[in-house]
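Colleague: Got a structure for you, my_file_4.cif, holding mmCIF, C-alpha atoms and all ligand atoms.
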data_run
loop_
_atom_site.label_atom_id
_atom_site.label_comp_id
_atom_site.auth_asym_id
_atom_site.auth_seq_id
_atom_site.Cartn_x
_atom_site.Cartn_y
_atom_site.Cartn_z
CA MET A 1218 -7.42 63.38 -14.45
CA LEU A 1219 -3.67 63.28 -14.75
CA ILE A 1220 -1.74 63.92 -11.53
CA ASP A 1221 1.22 66.07 -12.47
CA GLY A 1222 3.92 65.04 -10.01
CA LYS A 1223 6.38 67.46 -11.56
CA GLU A 1224 4.11 70.43 -11.01
CA ILE A 1225 3.25 69.44 -7.42
CA SER A 1226 6.96 68.89 -6.75
CA LYS A 1227 7.85 72.32 -8.08
CA LYS A 1228 5.50 73.94 -5.58
CA ILE A 1229 6.83 71.91 -2.66
CA LEU A 1230 10.45 72.55 -3.66
CA LYS A 1231 9.75 76.27 -3.62
CA GLU A 1232 8.42 75.95 -0.07
CA ILE A 1233 11.44 73.84 0.89
CA SER A 1234 13.86 76.40 -0.61
CA SER A 1235 12.48 79.19 1.51
CA ASP A 1236 12.48 76.92 4.58
CA LEU A 1237 16.11 76.07 3.82
CA ARG A 1238 17.16 79.70 3.73
CA GLN A 1239 15.95 80.10 7.31
CA ILE A 1240 17.52 76.80 8.43
CA SER A 1241 20.87 77.80 6.87
CA LYS A 1242 20.72 81.12 8.69
CA ASN A 1243 20.08 79.38 12.00
CA LEU A 1244 22.80 76.77 11.44
CA GLY A 1245 25.33 79.17 9.97
CA ARG A 1246 25.87 76.73 7.12
CA GLN A 1247 23.92 74.88 4.43
CA PRO A 1248 22.17 71.67 5.48
CA ALA A 1249 24.09 68.70 4.06
CA LEU A 1250 23.20 65.30 2.64
CA SER A 1251 25.80 62.59 2.04
CA ILE A 1252 24.89 59.86 -0.42
CA ILE A 1253 26.86 56.62 -0.49
CA LEU A 1254 26.88 54.83 -3.83
CA ILE A 1255 28.50 51.42 -4.15
CA GLY A 1256 29.27 50.16 -7.65
CA ASN A 1257 27.73 51.63 -10.79
CA ASN A 1258 24.26 50.22 -11.26
CA PRO A 1259 22.90 52.39 -14.14
CA ALA A 1260 19.52 53.05 -12.49
CA SER A 1261 21.21 54.02 -9.19
CA GLU A 1262 23.56 56.35 -11.08
CA THR A 1263 20.54 58.12 -12.56
CA TYR A 1264 18.74 58.43 -9.22
CA VAL A 1265 21.83 59.68 -7.39
CA LYS A 1266 22.51 62.27 -10.05
CA ALA A 1267 18.93 63.54 -9.81
CA LYS A 1268 19.13 63.70 -6.00
CA ILE A 1269 22.38 65.69 -6.01
CA LYS A 1270 21.02 68.03 -8.70
CA THR A 1271 17.88 68.74 -6.65
CA CYS A 1272 20.02 69.30 -3.53
CA ASN A 1273 21.96 71.98 -5.38
CA GLU A 1274 18.78 73.59 -6.69
CA VAL A 1275 17.10 73.94 -3.30
CA GLY A 1276 20.16 74.90 -1.24
CA ILE A 1277 21.30 71.61 0.31
CA LYS A 1278 24.97 70.67 0.12
CA GLY A 1279 24.77 67.30 -1.62
CA GLU A 1280 27.85 65.11 -1.46
CA LEU A 1281 28.29 61.85 -3.36
CA ILE A 1282 30.67 59.29 -1.85
CA ARG A 1283 31.49 56.48 -4.25
CA PHE A 1284 32.86 53.03 -3.53
CA ASP A 1285 33.98 50.25 -5.79
CA VAL A 1286 31.59 47.31 -6.15
CA ASN A 1287 34.11 45.08 -4.32
CA VAL A 1288 34.54 47.37 -1.32
CA ASP A 1289 34.95 45.66 2.04
CA SER A 1290 32.01 46.15 4.40
CA LYS A 1291 34.39 47.26 7.20
CA ILE A 1292 35.42 50.26 5.10
CA LEU A 1293 31.76 51.15 4.53
CA MET A 1294 30.91 50.81 8.22
CA LYS A 1295 33.83 53.14 9.04
CA GLU A 1296 32.70 55.69 6.45
CA ILE A 1297 29.16 55.67 7.83
CA ASP A 1298 30.55 56.18 11.32
CA LYS A 1299 32.61 59.10 10.12
CA LEU A 1300 29.46 60.70 8.68
CA ASN A 1301 27.50 59.89 11.87
CA ASN A 1302 30.11 61.81 13.86
CA ASN A 1303 30.39 64.74 11.46
CA SER A 1304 28.24 67.53 12.92
CA GLU A 1305 28.12 69.21 9.51
CA VAL A 1306 26.33 66.24 7.90
CA ASP A 1307 22.58 66.24 8.53
CA GLY A 1308 21.44 63.34 6.39
CA ILE A 1309 23.02 60.06 5.27
CA LEU A 1310 21.55 58.01 2.44
CA LEU A 1311 22.79 54.61 1.35
CA GLN A 1312 21.72 54.20 -2.28
CA LEU A 1313 19.93 50.85 -2.67
CA PRO A 1314 20.27 48.17 -3.78
CA VAL A 1315 23.79 47.47 -2.53
CA PRO A 1316 25.81 44.75 -4.32
CA LYS A 1317 24.79 41.21 -3.35
CA ASN A 1318 28.01 40.45 -1.46
CA LEU A 1319 27.17 43.11 1.15
CA ASP A 1320 24.72 42.90 4.05
CA GLU A 1321 22.24 45.69 3.31
CA ARG A 1322 20.56 45.53 6.73
CA GLU A 1323 23.88 45.73 8.60
CA LEU A 1324 24.86 48.85 6.63
CA ILE A 1325 21.49 50.55 7.12
CA GLU A 1326 21.61 49.90 10.88
CA GLN A 1327 25.02 51.56 11.05
CA ILE A 1328 23.42 54.89 10.10
CA ASN A 1329 22.58 57.14 13.05
CA PRO A 1330 18.73 57.04 13.08
CA LEU A 1331 18.69 60.83 13.56
CA LYS A 1332 20.44 61.17 10.18
CA ASP A 1333 18.55 58.31 8.47
CA VAL A 1334 16.65 60.49 5.98
CA ASP A 1335 15.45 57.41 4.07
CA GLY A 1336 13.68 56.21 7.23
CA LEU A 1337 14.94 52.66 6.86
CA THR A 1338 16.65 51.89 10.18
CA ALA A 1339 14.74 49.55 12.50
CA GLU A 1340 14.29 52.43 14.95
CA ASN A 1341 12.67 54.66 12.34
CA ILE A 1342 10.51 51.83 10.97
CA GLY A 1343 9.38 51.27 14.56
CA PHE A 1344 8.44 54.93 14.99
CA LEU A 1345 6.51 54.85 11.71
CA ASN A 1346 4.60 51.72 12.63
CA SER A 1347 3.77 53.07 16.07
CA GLY A 1348 2.03 56.01 14.43
CA ALA A 1349 4.65 58.64 15.32
CA PRO A 1350 6.98 58.74 12.32
CA ARG A 1351 10.36 60.46 12.53
CA PHE A 1352 11.46 60.13 8.91
CA ILE A 1353 8.91 58.76 6.43
CA PRO A 1354 10.56 56.92 3.49
CA ALA A 1355 10.49 59.35 0.58
CA THR A 1356 8.26 57.46 -1.87
CA PRO A 1357 5.37 56.79 0.56
CA TYR A 1358 5.83 60.32 1.90
CA GLY A 1359 5.47 61.65 -1.65
CA ILE A 1360 2.35 59.59 -2.28
CA MET A 1361 0.71 60.83 0.94
CA GLU A 1362 1.58 64.38 -0.10
CA ILE A 1363 -0.03 63.81 -3.52
CA PHE A 1364 -3.33 62.96 -1.80
CA ASN A 1365 -3.07 66.09 0.34
CA ARG A 1366 -2.27 68.35 -2.59
CA ILE A 1367 -5.04 67.06 -4.87
CA GLY A 1368 -7.49 67.15 -1.96
CA VAL A 1369 -8.34 63.45 -1.74
CA THR A 1370 -9.64 62.39 1.67
CA LEU A 1371 -8.42 58.94 2.62
CA SER A 1372 -10.67 58.31 5.60
CA GLY A 1373 -12.87 55.24 5.03
CA LYS A 1374 -11.49 54.57 1.53
CA LYS A 1375 -10.75 51.04 0.36
CA VAL A 1376 -7.10 50.91 -0.70
CA VAL A 1377 -5.18 48.12 -2.41
CA ILE A 1378 -1.39 48.34 -2.36
CA ILE A 1379 0.39 45.90 -4.68
CA GLY A 1380 3.96 45.27 -3.52
CA ARG A 1381 5.23 44.80 0.05
CA SER A 1382 8.77 46.22 -0.01
CA ASN A 1383 10.28 48.04 2.95
CA ILE A 1384 10.69 51.21 0.91
CA VAL A 1385 7.20 51.47 -0.58
CA GLY A 1386 4.41 48.97 0.18
CA ARG A 1387 4.93 48.35 3.90
CA PRO A 1388 5.42 51.95 5.07
CA LEU A 1389 2.53 53.04 2.87
CA PHE A 1390 0.32 50.36 4.42
CA SER A 1391 1.18 51.76 7.83
CA LEU A 1392 0.58 55.39 6.85
CA MET A 1393 -2.69 54.85 5.02
CA SER A 1394 -4.21 52.56 7.63
CA GLY A 1395 -2.98 54.67 10.55
CA ARG A 1396 -4.71 57.37 12.55
CA GLY A 1397 -2.93 60.30 10.90
CA GLU A 1398 -4.54 63.52 9.75
CA ASN A 1399 -5.36 62.24 6.27
CA SER A 1400 -5.41 58.44 6.62
CA ASN A 1401 -7.83 55.97 8.27
CA SER A 1402 -8.19 53.92 5.09
CA THR A 1403 -8.94 50.23 4.98
CA VAL A 1404 -5.87 48.81 3.30
CA THR A 1405 -5.16 45.46 1.65
CA LEU A 1406 -1.52 44.65 0.95
CA CYS A 1407 -1.14 42.40 -2.09
CA HIS A 1408 2.07 40.81 -3.39
CA SER A 1409 3.43 38.15 -5.72
CA TYR A 1410 1.71 35.36 -3.77
CA THR A 1411 -1.71 37.03 -3.90
CA GLU A 1412 -4.17 34.83 -5.74
CA ASN A 1413 -6.66 36.46 -8.09
CA LEU A 1414 -5.38 40.03 -7.74
CA SER A 1415 -8.36 41.55 -9.55
CA GLU A 1416 -10.72 40.22 -6.87
CA PHE A 1417 -9.09 42.84 -4.61
CA THR A 1418 -8.38 45.62 -7.10
CA LEU A 1419 -11.97 45.66 -8.39
CA GLN A 1420 -13.16 46.64 -4.89
CA ALA A 1421 -10.61 49.41 -4.46
CA ASP A 1422 -11.24 53.16 -4.40
CA ILE A 1423 -7.46 53.66 -4.58
CA ILE A 1424 -4.85 51.33 -6.11
CA ILE A 1425 -1.13 51.78 -5.54
CA ALA A 1426 1.00 49.63 -7.85
CA ALA A 1427 4.61 49.19 -6.68
CA THR A 1428 5.88 45.95 -8.11
CA GLY A 1429 8.35 46.53 -10.95
CA SER A 1430 6.18 44.34 -13.23
CA ALA A 1431 5.02 46.27 -16.29
CA ASN A 1432 1.28 46.37 -17.00
CA ILE A 1433 0.17 44.17 -14.11
CA VAL A 1434 -2.86 46.43 -13.62
CA ASP A 1435 -5.08 46.68 -16.69
CA GLY A 1436 -8.41 48.36 -17.36
CA SER A 1437 -10.46 45.26 -16.56
CA MET A 1438 -9.02 45.16 -13.03
CA ILE A 1439 -10.25 48.53 -11.78
CA LYS A 1440 -13.63 49.99 -10.97
CA GLU A 1441 -14.92 53.15 -12.63
CA GLY A 1442 -13.57 56.28 -10.91
CA ALA A 1443 -10.74 54.59 -9.02
CA ILE A 1444 -7.62 56.59 -8.13
CA ILE A 1445 -4.45 55.02 -9.50
CA ILE A 1446 -0.95 55.67 -8.19
CA ASP A 1447 1.69 54.02 -10.34
CA VAL A 1448 5.03 53.69 -8.53
CA GLY A 1449 6.63 51.17 -10.88
CA ILE A 1450 9.53 52.06 -13.15
CA ASN A 1451 10.16 49.56 -15.92
CA ARG A 1452 12.47 49.86 -18.90
CA VAL A 1453 11.12 48.66 -22.23
CA ASP A 1454 13.00 48.61 -25.53
CA ASP A 1455 12.22 51.54 -27.78
CA LYS A 1456 14.31 51.85 -30.90
CA SER A 1457 12.82 55.29 -31.66
CA ARG A 1458 14.64 56.72 -28.61
CA LYS A 1459 18.28 57.68 -28.57
CA SER A 1460 18.75 55.69 -25.37
CA GLY A 1461 17.12 52.61 -26.96
CA TYR A 1462 14.53 52.34 -24.17
CA ARG A 1463 11.69 54.18 -22.47
CA LEU A 1464 10.22 53.99 -19.00
CA ILE A 1465 6.74 52.68 -18.25
CA GLY A 1466 4.92 51.96 -15.00
CA ASP A 1467 3.18 48.92 -13.54
CA VAL A 1468 -0.16 50.12 -14.93
CA ASP A 1469 -1.45 49.77 -18.47
CA PHE A 1470 -1.86 53.54 -18.67
CA LYS A 1471 -3.93 53.85 -21.85
CA ASN A 1472 -6.71 51.53 -20.76
CA VAL A 1473 -6.68 52.32 -17.06
CA ASN A 1474 -6.77 56.07 -17.76
CA LYS A 1475 -10.19 55.66 -19.42
CA LYS A 1476 -11.77 54.53 -16.14
CA ALA A 1477 -9.66 56.23 -13.47
CA SER A 1478 -10.69 59.49 -11.82
CA TYR A 1479 -7.04 60.31 -11.10
CA ILE A 1480 -3.86 58.65 -12.34
CA THR A 1481 -0.12 59.31 -12.02
CA PRO A 1482 1.91 59.00 -15.23
CA VAL A 1483 5.32 57.30 -15.50
CA PRO A 1484 7.56 59.19 -15.74
CA GLY A 1485 6.44 62.45 -14.13
CA GLY A 1486 4.18 61.16 -11.37
CA VAL A 1487 5.55 59.58 -8.20
CA GLY A 1488 9.23 59.86 -9.23
CA PRO A 1489 9.65 63.63 -8.81
CA MET A 1490 7.71 63.50 -5.53
CA THR A 1491 10.16 60.95 -4.12
CA ILE A 1492 13.17 63.22 -4.59
CA THR A 1493 11.22 66.20 -3.30
CA MET A 1494 10.24 64.49 -0.08
CA LEU A 1495 13.82 63.34 0.45
CA MET A 1496 14.74 67.04 0.45
CA LYS A 1497 12.00 67.61 3.01
CA ASN A 1498 13.50 64.89 5.22
CA VAL A 1499 16.93 66.52 4.98
CA CYS A 1500 15.31 69.80 6.08
CA ASN A 1501 13.72 68.04 9.04
CA ALA A 1502 17.04 66.40 9.96
CA ALA A 1503 18.80 69.78 9.81
CA LYS A 1504 16.14 71.31 12.02
CA GLY A 1505 16.99 68.60 14.55
CA VAL A 1506 14.42 65.81 14.78
CA LYS A 1507 14.01 63.91 18.07
P1 LIG B 1 10.70 45.22 -4.69
O1 LIG B 1 11.27 44.42 -5.80
O2 LIG B 1 11.45 45.35 -3.42
O3 LIG B 1 9.25 44.67 -4.35
C1 LIG B 1 8.31 44.39 -5.34
C2 LIG B 1 7.06 43.90 -4.68
O4 LIG B 1 6.11 43.67 -5.70
C3 LIG B 1 7.22 42.59 -3.93
O5 LIG B 1 6.57 42.71 -2.69
C4 LIG B 1 6.50 41.56 -4.79
O6 LIG B 1 5.83 40.59 -4.02
C5 LIG B 1 5.51 42.40 -5.54
N1 LIG B 1 5.23 41.87 -6.88
C6 LIG B 1 6.12 41.71 -7.90
N2 LIG B 1 5.49 41.24 -9.01
C7 LIG B 1 4.18 41.12 -8.68
C8 LIG B 1 3.03 40.69 -9.37
N3 LIG B 1 3.10 40.29 -10.64
N4 LIG B 1 1.85 40.70 -8.71
C9 LIG B 1 1.76 41.12 -7.43
N5 LIG B 1 2.82 41.54 -6.73
C10 LIG B 1 4.02 41.53 -7.33
O7 LIG B 1 10.38 46.63 -5.33
P2 LIG B 1 10.38 48.14 -4.82
O8 LIG B 1 11.72 48.52 -4.43
O9 LIG B 1 9.24 48.38 -3.87
O10 LIG B 1 10.00 48.85 -6.19
C11 LIG B 1 8.84 48.52 -6.92
C12 LIG B 1 8.80 49.32 -8.19
O11 LIG B 1 8.70 50.69 -7.87
C13 LIG B 1 10.05 49.20 -9.05
O12 LIG B 1 9.68 49.30 -10.40
C14 LIG B 1 10.87 50.40 -8.65
O13 LIG B 1 11.74 50.82 -9.67
C15 LIG B 1 9.78 51.40 -8.42
N6 LIG B 1 10.12 52.47 -7.49
C16 LIG B 1 9.85 53.72 -7.89
C17 LIG B 1 10.10 54.78 -7.07
C18 LIG B 1 9.75 56.15 -7.53
O14 LIG B 1 10.20 57.11 -6.95
N7 LIG B 1 8.90 56.29 -8.54
C19 LIG B 1 10.64 54.57 -5.80
C20 LIG B 1 10.89 53.27 -5.40
C21 LIG B 1 10.61 52.23 -6.24
#
If you took the structure in this file and wrote it as structure tokens, what would it be?
Ligand code: NAD
Modeller:
Amino acid sequence: MLIDGKEISKKILKEISSDLRQISKNLGRQPALSIILIGNNPASETYVKAKIKTCNEVGIKGELIRFDVNVDSKILMKEIDKLNNNSEVDGILLQLPVPKNLDERELIEQINPLKDVDGLTAENIGFLNSGAPRFIPATPYGIMEIFNRIGVTLSGKKVVIIGRSNIVGRPLFSLMSGRGENSNSTVTLCHSYTENLSEFTLQADIIIAATGSANIVDGSMIKEGAIIIDVGINRVDDKSRKSGYRLIGDVDFKNVNKKASYITPVPGGVGPMTITMLMKNVCNAAKGVK
């Protein structure tokens, strides 16, 4: 069965909108998210635009702060500090990746952890891994919400996550293997050094592919009835499109779909959920997380 991330997102955004009306009343202003974008990476431009658009739709004041690709890190650190000290800014998001000449970790750590709505500061990663998350990174948060909304119980399930990034694979490993309300799975974290990937995927009740390698999961690698969450976003040439390309996931959708019990499409699966759960994190920041 196809998991319609757009439809699930719509429902959650409606809930968030009504929550936001109350938060705005309490605060006497709209909750606010500041997004810092350095340079003009085309994919980042698209994501930032979508985030600001969703902010406007749900009732969050979304602000985009742009910097030239050659900006000095001292200027960025100062800007982040300014936002940290601005009581009318609830969330700060540094759009990743930052240009190679900058120290991504240093910039992330400059963000006040109470405004770190991406959940990427060491403090927030620590909270997540200790089983008491403050801000859950939006993509894993969205995936966990998908399981809740489609009514899949994770307890005791065998899960294979492919990809070990700080924004997807690692936090998801922590959430799914943790003691949370819908977790307690047995999780294997695979990556580019994993030998014989299908040895693991063939055992899995749930496979999460988050690699950025198109079609690395094909039909022969999954068992009948597996649940497939495709996080990957890959551009492939498509002359029939005006843009000249189309987006596909990490999963060979056509063949995997024949065996899967549930599957997320690309686009329209995990992507919309990511932006939605970012909005949820901004709500939580505006409510005043501890
Ligand atoms: P990343 O580049 O930081 O990490 C990729 C991971 O995949 C690495 O751990 C690497 O070891 C592993 N990997 C790569 N090729 C592999 C292979 N052939 N076999 C096994 N493991 C392999 O990536 P990321 O930031 O986590 O993003 C992964 C993908 O998910 C990208 O396509 C990205 O665009 C997409 N993404 C989508 C969303 C969304 O909202 N849908 C959000 C974040 C990332």
Colleague: Suppose you want the space between CA of Thr1338 (chain A) and CA of Gly1488 (chain A); what is it in Å?
Modeller: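 Separation between CA of Thr1338 (chain A) and CA of Gly1488 (chain A): 22.3 Å.
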Colleague: So which one's closest to Leu1331 (chain A), A:Asp1307, A:Glu1232, A:Glu1280, A:Asp1285? Using all atoms listed in the file, please.
Modeller: A:Asp1307
Colleague: Please provide as a list of chain:residue names all residues within 10 Å of Ser1415 (chain A), with the sequence filter that same-chain residues fewer than 2 positions apart are discarded (counting all atoms listed in the file).
Modeller: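 Answer for this query is A:Thr1411, A:Glu1412, A:Asn1413, A:Phe1417, A:Thr1418, A:Leu1419, A:Gln1420, A:Ala1421, A:Val1434, A:Asp1435, A:Ser1437, A:Met1438, A:Ile1439.
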Colleague: Please provide as a list in words all residues within 9 Å of Thr1493 (chain A), with the sequence filter that same-chain residues fewer than 5 positions apart are discarded (counting all atoms listed in the file).
Modeller: Ser1226, Lys1227, Ile1229, Leu1230, Ile1233, Lys1268, Thr1271, Ala1355, Gly1359, Gly1488 and Asn1498 of chain A
Colleague: Extract, using all atoms listed in the file, all DNA, RNA and protein residues at most 12 Å from Glu1296 (chain A), discarding same-chain residues fewer than 4 positions from it, and format them as a PDB file with C-alpha atoms, in the coordinates of the input.
Modeller:
ATOM      1  CA  SER A1251      25.800  62.590   2.040  1.00  0.00           C
ATOM      2  CA  ILE A1252      24.890  59.860  -0.420  1.00  0.00           C
ATOM      3  CA  ILE A1253      26.860  56.620  -0.490  1.00  0.00           C
ATOM      4  CA  LEU A1254      26.880  54.830  -3.830  1.00  0.00           C
ATOM      5  CA  ILE A1282      30.670  59.290  -1.850  1.00  0.00           C
ATOM      6  CA  ARG A1283      31.490  56.480  -4.250  1.00  0.00           C
ATOM      7  CA  PHE A1284      32.860  53.030  -3.530  1.00  0.00           C
ATOM      8  CA  VAL A1288      34.540  47.370  -1.320  1.00  0.00           C
ATOM      9  CA  ASP A1289      34.950  45.660   2.040  1.00  0.00           C
ATOM     10  CA  SER A1290      32.010  46.150   4.400  1.00  0.00           C
ATOM     11  CA  LYS A1291      34.390  47.260   7.200  1.00  0.00           C
ATOM     12  CA  ILE A1292      35.420  50.260   5.100  1.00  0.00           C
ATOM     13  CA  LEU A1300      29.460  60.700   8.680  1.00  0.00           C
ATOM     14  CA  ASN A1301      27.500  59.890  11.870  1.00  0.00           C
ATOM     15  CA  ASN A1302      30.110  61.810  13.860  1.00  0.00           C
ATOM     16  CA  ASN A1303      30.390  64.740  11.460  1.00  0.00           C
ATOM     17  CA  ILE A1309      23.020  60.060   5.270  1.00  0.00           C
ATOM     18  CA  LEU A1311      22.790  54.610   1.350  1.00  0.00           C
ATOM     19  CA  LEU A1324      24.860  48.850   6.630  1.00  0.00           C
ATOM     20  CA  GLN A1327      25.020  51.560  11.050  1.00  0.00           C
ATOM     21  CA  ILE A1328      23.420  54.890  10.100  1.00  0.00           C
TER      22      ILE A1328
END
Colleague: What residues have any atom no more than 8 Å from ligand LIG 1 (chain B) when counting all atoms listed in the file, and can you list them as a PyMOL selection string?
Modeller: chain A and resi 1355-1356+1379-1386+1407-1411+1414+1426-1430+1433+1447-1451+1466-1467+1483-1484+1486-1492
Colleague: Considering only C-alpha atoms, return as a PyMOL selection string whatever protein or nucleic-acid residues lie within 12 Å of Ser1394 (chain A), sequence-local ones (same chain, fewer than 3 positions apart) excluded.
Modeller: chain A and resi 1345-1348+1361+1371-1378+1386-1391+1397-1406
Colleague: Rounded to one decimal, what separation in Å do you get between CA of Thr1481 (chain A) and CA of Phe1364 (chain A)?
Modeller: 11.3 Å
Colleague: Of the candidates A:Ile1342, A:Met1218, A:Cys1272, A:Val1506, which one gets nearest to Met1494 (chain A) if we count all atoms listed in the file?
Modeller: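 When distances to Met1494 (chain A) are compared using all atoms listed in the file, the smallest one comes from A:Cys1272.
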Colleague: How many Å lie between CA of Leu1319 (chain A) and CA of Phe1352 (chain A), rounded to one decimal?
Modeller: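 For CA of Leu1319 (chain A) relative to CA of Phe1352 (chain A), the distance reads 24.4 Å.
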Colleague: Just checking: using all atoms listed in the file, which residue out of A:Leu1293, A:Glu1274, A:Ile1465, A:Glu1441 ends up closest to Ser1235 (chain A)?
Modeller: A:Glu1274
Colleague: May I ask which of the residues A:Lys1497, A:Lys1223, A:Lys1231, A:Lys1456 is the closest one to Leu1250 (chain A), counting all atoms listed in the file?
Modeller: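 Among the listed residues, A:Lys1497 lies closest to Leu1250 (chain A).
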Colleague: Could you check the closest approach to Ser1478 (chain A) for each of A:Leu1219, A:Ile1240, A:Met1496, A:Ile1363 and tell me which residue wins, using all atoms listed in the file?
Modeller: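 Residue with the minimum atom-to-atom distance to Ser1478 (chain A): A:Leu1219.
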Colleague: Of the candidates A:Lys1459, A:Arg1366, A:Lys1242, A:Lys1278, which shows the shortest atom-to-atom distance to Glu1224 (chain A), using all atoms listed in the file?
Modeller: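 Closest candidate: A:Arg1366.
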Colleague: Would you list the contacts of Ile1444 (chain A) as a PyMOL selection string, taking every protein, DNA or RNA residue within 8 Å and counting all atoms listed in the file, but skipping same-chain residues closer than 6 positions in sequence?
Modeller: chain A and resi 1422-1424+1477-1480
